[in-house]
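data.txt, holding compact mmCIF, C-alpha atoms:
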# COMPACT_ATOMS: atom_id res chain seq x y z
CA MET Y 1 -41.43 -18.32 -15.89
CA SER Y 2 -39.86 -15.59 -13.73
CA ALA Y 3 -42.10 -13.38 -11.58
CA SER Y 4 -41.83 -10.41 -13.92
CA ARG Y 5 -42.47 -12.59 -16.99
CA GLU Y 6 -45.48 -14.07 -15.22
CA ILE Y 7 -46.85 -10.57 -14.62
CA GLU Y 8 -46.31 -9.65 -18.27
CA LEU Y 9 -47.28 -12.88 -19.95
CA GLY Y 10 -49.58 -14.61 -17.49
CA THR Y 11 -53.33 -14.60 -17.05
CA LYS Y 12 -53.30 -13.89 -13.33
CA PHE Y 13 -54.50 -10.42 -12.42
CA GLU Y 14 -51.99 -8.92 -10.00
CA PRO Y 15 -52.60 -5.17 -9.96
CA LYS Y 16 -49.51 -3.32 -8.83
CA PHE Y 17 -50.47 -0.55 -6.43
CA ASP Y 18 -47.90 2.18 -5.77
CA ALA Y 19 -46.43 3.29 -2.43
CA ASN Y 20 -49.71 5.08 -1.69
CA GLY Y 21 -51.75 1.99 -2.50
CA LEU Y 22 -53.00 3.42 -5.80
CA ILE Y 23 -53.10 2.31 -9.41
CA THR Y 24 -53.58 4.64 -12.39
CA ALA Y 25 -56.88 4.30 -14.27
CA ILE Y 26 -57.60 5.94 -17.62
CA SER Y 27 -61.23 6.37 -18.61
CA GLN Y 28 -61.64 6.08 -22.36
CA ASP Y 29 -64.92 6.44 -24.22
CA ALA Y 30 -65.71 2.91 -25.40
CA GLU Y 31 -67.24 4.17 -28.63
CA SER Y 32 -65.22 7.20 -29.74
CA GLY Y 33 -61.86 6.27 -28.20
CA GLN Y 34 -61.60 9.72 -26.63
CA ILE Y 35 -59.62 9.75 -23.40
CA LEU Y 36 -61.93 11.34 -20.85
CA MET Y 37 -59.89 11.52 -17.65
CA VAL Y 38 -57.11 9.95 -15.62
CA ALA Y 39 -57.65 9.06 -11.97
CA TYR Y 40 -56.50 6.60 -9.34
CA MET Y 41 -57.96 3.57 -7.60
CA ASN Y 42 -57.10 1.84 -4.37
CA ALA Y 43 -57.89 -1.86 -3.98
CA GLU Y 44 -61.36 -1.13 -2.62
CA ALA Y 45 -62.27 1.24 -5.46
CA LEU Y 46 -61.09 -1.31 -8.00
CA ASP Y 47 -63.05 -4.06 -6.30
CA ILE Y 48 -66.27 -2.03 -6.23
CA THR Y 49 -65.77 -1.02 -9.87
CA ILE Y 50 -65.41 -4.65 -10.92
CA LYS Y 51 -68.41 -5.74 -8.87
CA THR Y 52 -70.81 -2.94 -9.76
CA GLY Y 53 -69.71 -1.96 -13.28
CA ASN Y 54 -69.70 1.72 -12.28
CA ALA Y 55 -66.36 3.50 -12.08
CA VAL Y 56 -65.21 4.24 -8.54
CA PHE Y 57 -61.90 5.99 -7.88
CA PHE Y 58 -59.91 7.11 -4.87
CA SER Y 59 -59.65 10.87 -4.53
CA ARG Y 60 -56.11 11.86 -3.63
CA SER Y 61 -57.16 15.36 -2.57
CA ARG Y 62 -60.04 14.18 -0.39
CA GLN Y 63 -58.39 10.88 0.62
CA LYS Y 64 -61.57 8.88 0.23
CA LEU Y 65 -63.53 6.78 -2.24
CA TRP Y 66 -64.88 8.78 -5.14
CA ARG Y 67 -67.95 7.22 -6.68
CA LYS Y 68 -67.85 8.99 -10.04
CA GLY Y 69 -71.12 10.81 -10.54
CA GLU Y 70 -72.25 10.65 -6.92
CA GLU Y 71 -72.69 14.42 -6.90
CA SER Y 72 -72.95 15.34 -10.56
CA GLY Y 73 -74.80 12.24 -11.76
CA HIS Y 74 -72.17 11.93 -14.49
CA VAL Y 75 -71.42 8.24 -14.00
CA GLN Y 76 -69.18 5.99 -16.08
CA LYS Y 77 -70.55 2.57 -17.02
CA VAL Y 78 -67.55 0.30 -17.36
CA ARG Y 79 -67.69 -1.92 -20.43
CA GLN Y 80 -64.16 -3.33 -20.32
CA ILE Y 81 -61.06 -3.11 -18.15
CA LEU Y 82 -57.72 -3.47 -19.96
CA VAL Y 83 -54.48 -4.12 -18.09
CA ASP Y 84 -50.98 -3.13 -19.19
CA CYS Y 85 -47.82 -5.21 -19.35
CA ASP Y 86 -46.52 -4.56 -15.85
CA GLN Y 87 -50.03 -4.35 -14.40
CA ASP Y 88 -49.59 -0.88 -12.91
CA CYS Y 89 -52.11 0.87 -15.15
CA LEU Y 90 -55.69 0.19 -16.22
CA ILE Y 91 -57.89 1.44 -19.04
CA LEU Y 92 -61.59 1.62 -18.29
CA LYS Y 93 -63.54 1.51 -21.53
CA VAL Y 94 -66.65 3.37 -20.48
CA LYS Y 95 -70.04 4.48 -21.70
CA VAL Y 96 -70.96 7.99 -20.65
CA ASP Y 97 -74.02 10.12 -21.24
CA GLN Y 98 -72.63 13.41 -19.98
CA GLY Y 99 -69.46 15.46 -19.72
CA GLN Y 100 -66.88 13.91 -17.44
CA CYS Y 101 -64.60 16.80 -16.47
CA HIS Y 102 -65.60 18.79 -13.41
CA VAL Y 103 -64.77 21.99 -15.28
CA GLY Y 104 -67.66 21.34 -17.69
CA TYR Y 105 -66.00 19.66 -20.64
CA GLN Y 106 -66.60 16.20 -22.09
CA SER Y 107 -62.96 15.29 -21.41
CA CYS Y 108 -60.39 16.71 -19.00
CA PHE Y 109 -58.08 17.10 -21.99
CA TYR Y 110 -59.65 20.24 -23.46
CA ARG Y 111 -56.39 22.12 -24.12
CA ILE Y 112 -53.49 21.57 -26.49
CA LEU Y 113 -49.92 22.72 -26.01
CA LYS Y 114 -48.46 25.00 -28.66
CA PRO Y 115 -44.82 23.86 -28.88
CA SER Y 116 -43.57 27.19 -30.24
CA THR Y 117 -44.83 29.38 -27.37
CA LYS Y 118 -45.59 26.74 -24.71
CA GLU Y 119 -49.03 28.26 -24.31
CA LEU Y 120 -52.28 26.35 -24.22
CA ASP Y 121 -55.10 26.57 -26.74
CA PHE Y 122 -58.64 25.45 -25.97
CA ILE Y 123 -59.85 22.73 -28.34
CA ALA Y 124 -63.30 22.01 -26.91
CA GLU Y 125 -66.52 23.69 -25.85
CA LYS Y 126 -68.15 23.10 -22.49
CA VAL Y 127 -70.94 20.54 -22.63
CA TYR Y 128 -72.56 21.28 -19.29
CA ASP Y 129 -72.66 23.88 -16.52
CA PRO Y 130 -70.68 22.61 -13.52
CA GLN Y 131 -72.33 25.09 -11.16
CA GLU Y 132 -75.66 23.53 -12.02
CA ALA Y 133 -74.40 19.95 -11.88
CA TYR Y 134 -72.61 20.27 -8.56
CA LYS Y 135 -75.01 22.51 -6.64
CA LYS Y 136 -75.85 20.96 -3.32
CA ASP Y 137 -79.57 21.53 -3.20
CA LYS Y 138 -80.54 20.00 -6.52
CA LYS Y 139 -83.07 17.20 -6.51
CA MET D 1 -58.94 34.22 -11.04
CA SER D 2 -57.63 31.98 -8.22
CA ALA D 3 -54.49 29.94 -8.75
CA SER D 4 -56.40 26.69 -9.23
CA ARG D 5 -58.90 28.33 -11.61
CA GLU D 6 -55.97 29.80 -13.53
CA ILE D 7 -54.48 26.31 -13.88
CA GLU D 8 -57.80 24.91 -15.07
CA LEU D 9 -59.03 27.77 -17.21
CA GLY D 10 -55.89 29.62 -18.23
CA THR D 11 -53.63 29.37 -21.24
CA LYS D 12 -50.38 29.21 -19.28
CA PHE D 13 -48.70 25.82 -19.35
CA GLU D 14 -47.77 24.91 -15.77
CA PRO D 15 -47.12 21.18 -15.73
CA LYS D 16 -47.55 19.79 -12.25
CA PHE D 17 -44.77 17.35 -11.48
CA ASP D 18 -45.26 14.96 -8.56
CA ALA D 19 -43.04 14.49 -5.50
CA ASN D 20 -40.59 12.56 -7.69
CA GLY D 21 -40.52 15.31 -10.29
CA LEU D 22 -42.59 13.31 -12.77
CA ILE D 23 -45.75 13.84 -14.80
CA THR D 24 -47.88 11.07 -16.32
CA ALA D 25 -47.84 10.85 -20.12
CA ILE D 26 -50.22 8.67 -22.14
CA SER D 27 -49.20 7.81 -25.68
CA GLN D 28 -52.24 7.50 -27.92
CA ASP D 29 -52.15 6.59 -31.60
CA ALA D 30 -53.07 9.83 -33.37
CA GLU D 31 -54.95 7.97 -36.09
CA SER D 32 -56.67 5.00 -34.46
CA GLY D 33 -57.13 6.44 -30.96
CA GLN D 34 -55.61 3.28 -29.45
CA ILE D 35 -53.84 3.91 -26.16
CA LEU D 36 -50.35 2.53 -26.66
CA MET D 37 -48.61 2.99 -23.31
CA VAL D 38 -48.41 5.07 -20.15
CA ALA D 39 -45.07 6.42 -18.96
CA TYR D 40 -43.61 9.34 -17.05
CA MET D 41 -41.63 12.46 -17.90
CA ASN D 42 -39.44 14.71 -15.82
CA ALA D 43 -39.02 18.34 -16.84
CA GLU D 44 -36.04 17.54 -19.05
CA ALA D 45 -37.81 14.70 -20.89
CA LEU D 46 -40.81 16.95 -21.50
CA ASP D 47 -38.59 19.74 -22.75
CA ILE D 48 -36.73 17.48 -25.18
CA THR D 49 -40.02 15.99 -26.39
CA ILE D 50 -41.42 19.45 -27.12
CA LYS D 51 -38.24 20.56 -28.86
CA THR D 52 -37.54 17.46 -30.95
CA GLY D 53 -41.04 16.07 -31.59
CA ASN D 54 -39.86 12.61 -30.56
CA ALA D 55 -41.25 11.16 -27.31
CA VAL D 56 -38.73 11.04 -24.48
CA PHE D 57 -39.68 9.70 -21.06
CA PHE D 58 -38.01 9.21 -17.70
CA SER D 59 -37.52 5.59 -16.76
CA ARG D 60 -38.46 5.03 -13.13
CA SER D 61 -36.70 1.66 -13.01
CA ARG D 62 -33.47 2.89 -14.58
CA GLN D 63 -33.74 6.44 -13.17
CA LYS D 64 -32.63 8.07 -16.38
CA LEU D 65 -33.95 9.60 -19.57
CA TRP D 66 -35.58 7.10 -21.87
CA ARG D 67 -35.50 8.15 -25.48
CA LYS D 68 -38.27 5.91 -26.79
CA GLY D 69 -36.90 3.78 -29.58
CA GLU D 70 -33.22 4.36 -28.78
CA GLU D 71 -32.68 0.61 -28.61
CA SER D 72 -35.62 -0.85 -30.50
CA GLY D 73 -35.97 1.86 -33.13
CA HIS D 74 -39.66 2.00 -32.26
CA VAL D 75 -39.93 5.77 -31.92
CA GLN D 76 -43.04 7.88 -31.34
CA LYS D 77 -43.45 10.98 -33.48
CA VAL D 78 -45.45 13.43 -31.40
CA ARG D 79 -48.19 15.16 -33.36
CA GLN D 80 -50.00 16.86 -30.48
CA ILE D 81 -49.70 17.23 -26.71
CA LEU D 82 -52.96 17.59 -24.78
CA VAL D 83 -53.05 18.79 -21.18
CA ASP D 84 -55.67 17.94 -18.57
CA CYS D 85 -57.59 20.25 -16.24
CA ASP D 86 -55.18 20.23 -13.31
CA GLN D 87 -52.15 19.94 -15.58
CA ASP D 88 -50.79 16.77 -13.97
CA CYS D 89 -51.29 14.51 -16.97
CA LEU D 90 -50.47 14.71 -20.67
CA ILE D 91 -51.67 12.89 -23.76
CA LEU D 92 -49.15 12.49 -26.54
CA LYS D 93 -50.94 11.96 -29.83
CA VAL D 94 -48.32 10.02 -31.71
CA LYS D 95 -47.56 8.46 -35.06
CA VAL D 96 -45.89 5.08 -34.81
CA ASP D 97 -44.67 2.63 -37.41
CA GLN D 98 -44.01 -0.30 -35.11
CA GLY D 99 -45.22 -2.02 -31.96
CA GLN D 100 -44.70 0.07 -28.85
CA CYS D 101 -44.77 -2.44 -25.99
CA HIS D 102 -41.46 -4.03 -25.05
CA VAL D 103 -43.23 -7.41 -24.79
CA GLY D 104 -43.88 -7.36 -28.55
CA TYR D 105 -47.40 -5.99 -28.81
CA GLN D 106 -48.64 -2.86 -30.57
CA SER D 107 -49.98 -1.56 -27.24
CA CYS D 108 -49.08 -2.38 -23.63
CA PHE D 109 -52.79 -2.99 -23.06
CA TYR D 110 -52.99 -6.46 -24.65
CA ARG D 111 -55.04 -8.11 -21.91
CA ILE D 112 -58.57 -7.68 -20.66
CA LEU D 113 -59.87 -8.43 -17.19
CA LYS D 114 -62.69 -10.95 -16.91
CA PRO D 115 -64.80 -9.55 -14.05
CA SER D 116 -66.32 -12.93 -13.15
CA THR D 117 -63.05 -14.77 -12.50
CA LYS D 118 -60.61 -11.85 -12.23
CA GLU D 119 -58.38 -13.58 -14.78
CA LEU D 120 -56.82 -11.95 -17.81
CA ASP D 121 -57.55 -12.78 -21.43
CA PHE D 122 -55.21 -11.86 -24.26
CA ILE D 123 -56.86 -9.63 -26.86
CA ALA D 124 -53.95 -9.01 -29.23
CA GLU D 125 -51.27 -10.78 -31.23
CA LYS D 126 -47.61 -9.83 -31.07
CA VAL D 127 -46.54 -7.58 -33.91
CA TYR D 128 -42.77 -7.95 -33.56
CA ASP D 129 -40.14 -10.10 -31.90
CA PRO D 130 -38.67 -8.24 -28.92
CA GLN D 131 -35.58 -10.48 -28.81
CA GLU D 132 -34.78 -9.36 -32.33
CA ALA D 133 -35.61 -5.69 -31.71
CA TYR D 134 -33.61 -5.38 -28.51
CA LYS D 135 -30.56 -7.46 -29.33
CA LYS D 136 -27.39 -5.52 -28.71
CA ASP D 137 -25.40 -6.36 -31.81
CA LYS D 138 -27.94 -5.46 -34.48
CA LYS D 139 -26.90 -2.96 -37.10
I'd like the structure from this file rewritten - as structure tokens, please.
Amino acid sequence: MSASREIELGTKFEPKFDANGLITAISQDAESGQILMVAYMNAEALDITIKTGNAVFFSRSRQKLWRKGEESGHVQKVRQILVDCDQDCLILKVKVDQGQCHVGYQSCFYRILKPSTKELDFIAEKVYDPQEAYKKDKK
Amino acid sequence: MSASREIELGTKFEPKFDANGLITAISQDAESGQILMVAYMNAEALDITIKTGNAVFFSRSRQKLWRKGEESGHVQKVRQILVDCDQDCLILKVKVDQGQCHVGYQSCFYRILKPSTKELDFIAEKVYDPQEAYKKDKK
């Protein structure tokens, strides 16, 4: 089997990190199927996620590990990890108890594009107050 | 409202293309919620998708527009486009009649990672024969 066929049809996990050492990870609610967010993992974040069962990403803006929920408490318990054909993208099937978008919504995808005007419509209500969740001095 | 707040909380569509001029697009079955594939769009692909209602991507390997289904016939009819908080990722809610992964599966995510051994298990059966779908001389 050729190398690319092996990646597509084999059972060996060979995650393909990009030029920045990152792989795309989609968090999807394990029960509802709702896509919650899209983030990135480096090898270390992926390794910790697999070992601990809690989603850990790599923040591109802060250039460091991002233990989801470390500030807000809004963790993602990883139930399953699915891998795509060319192994450059992962789905994390997760259980969550709280909103996952830092803006305050359950999902980061809270707006829909209107094709006619190319404007955005809001399709969700906020489920928590981010100012409360992210304030530094909370217990 | 600051520029970043405007992007997160506004109604203006300002897709954020990366250094290669691409934005991530997730195709999700509009009915079942199954994530079918993850691909990328440049501005032109996004524009054609919005105008025609058929998913068009930009192939990173071939460096050209990729009209999904142009060879296989396995098109994606776009029902909705959702946009995330920082506008660097899209969900295409699509209607499909046939398998979407070029390997022959309904979804590109046909394997699951076993955390204990880091091996992959297959979780799906093929739904079509790619050799048949992609052969050049078919009518």
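In this structure, CA of Asp86 in chain Y sits 22.7 Å away from CA of Leu36 in chain Y.
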Exercise. Would you give me, as a PyMOL selection string, the residues of chain Y that come within 7 Å of chain D, using all atoms listed in the file?
Key: chain Y and resi 11-13+33+50+81-85+108-113+115+118-121
Quiz prompt | Distance of CA of Lys95 in chain Y from CA of Gly73 in chain Y, expressed in Å to one decimal place | solution = 13.5 Å
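Among the candidates Y:Leu92, Y:Ile23, Y:Ile7, Y:Ala30, the one nearest to Ala55 in chain Y when counting only C-alpha atoms is Y:Leu92.
Atom pair CA of Ser27 in chain Y / CA of Gln98 in chain Y has a distance of 13.5 Å (rounded to one decimal).
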Is it possible to get the axis-aligned box enclosing range 25-41 of chain Y (all listed atoms, 4 Å extra per side) as lines of an AutoDock Vina configuration file, with centre and edge lengths in Å rounded to one decimal?
center_x = -61.9
center_y = 7.2
center_z = -18.7
size_x = 18.7
size_y = 16.6
size_z = 30.1
Quiz item: What lies within 7 Å of Gly104 in chain D using only C-alpha atoms, ignoring chain neighbours under 5 positions off, as a PyMOL selection string?
Solution: chain D and resi 99+126-130
Could the residues in this selection be saved with C-alpha atoms as a PDB file, in the coordinates of the input?
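Result went into part-v1.pdb, see below:
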ATOM      1  CA  GLY D  99     -45.220  -2.020 -31.960  1.00  0.00           C
ATOM      2  CA  LYS D 126     -47.610  -9.830 -31.070  1.00  0.00           C
ATOM      3  CA  VAL D 127     -46.540  -7.580 -33.910  1.00  0.00           C
ATOM      4  CA  TYR D 128     -42.770  -7.950 -33.560  1.00  0.00           C
ATOM      5  CA  ASP D 129     -40.140 -10.100 -31.900  1.00  0.00           C
ATOM      6  CA  PRO D 130     -38.670  -8.240 -28.920  1.00  0.00           C
TER       7      PRO D 130
END
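Residues in contact with Ser72 in chain D at up to 6 Å, not including ones fewer than 3 positions away on its chain and judged by all atoms listed in the file, are D:Gly69, D:Ala133, D:Tyr134.
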Quiz item: Can you tell me, as a VMD selection string, which residues sit within 6 Å of (-69.3, 3.8, -17.5) in the file's frame, using only C-alpha atoms?
Solution: chain Y and resid 54 76 to 78 94 to 96
Quiz item: Which neighbours of Lys64 in chain Y fall inside 10 Å, counting only C-alpha atoms, when residues of the same chain fewer than 4 positions from it are skipped, and could you give them as a list of chain:residue names?
Solution: Y:Asn42, Y:Ala45, Y:Phe57, Y:Phe58, Y:Ser59, Y:Arg60
Self-check item: Top pick for closest residue to His74 in chain Y, considering Y:Glu125, Y:Glu44, Y:Gln106, Y:Lys93 and counting only C-alpha atoms
Solution: Y:Gln106
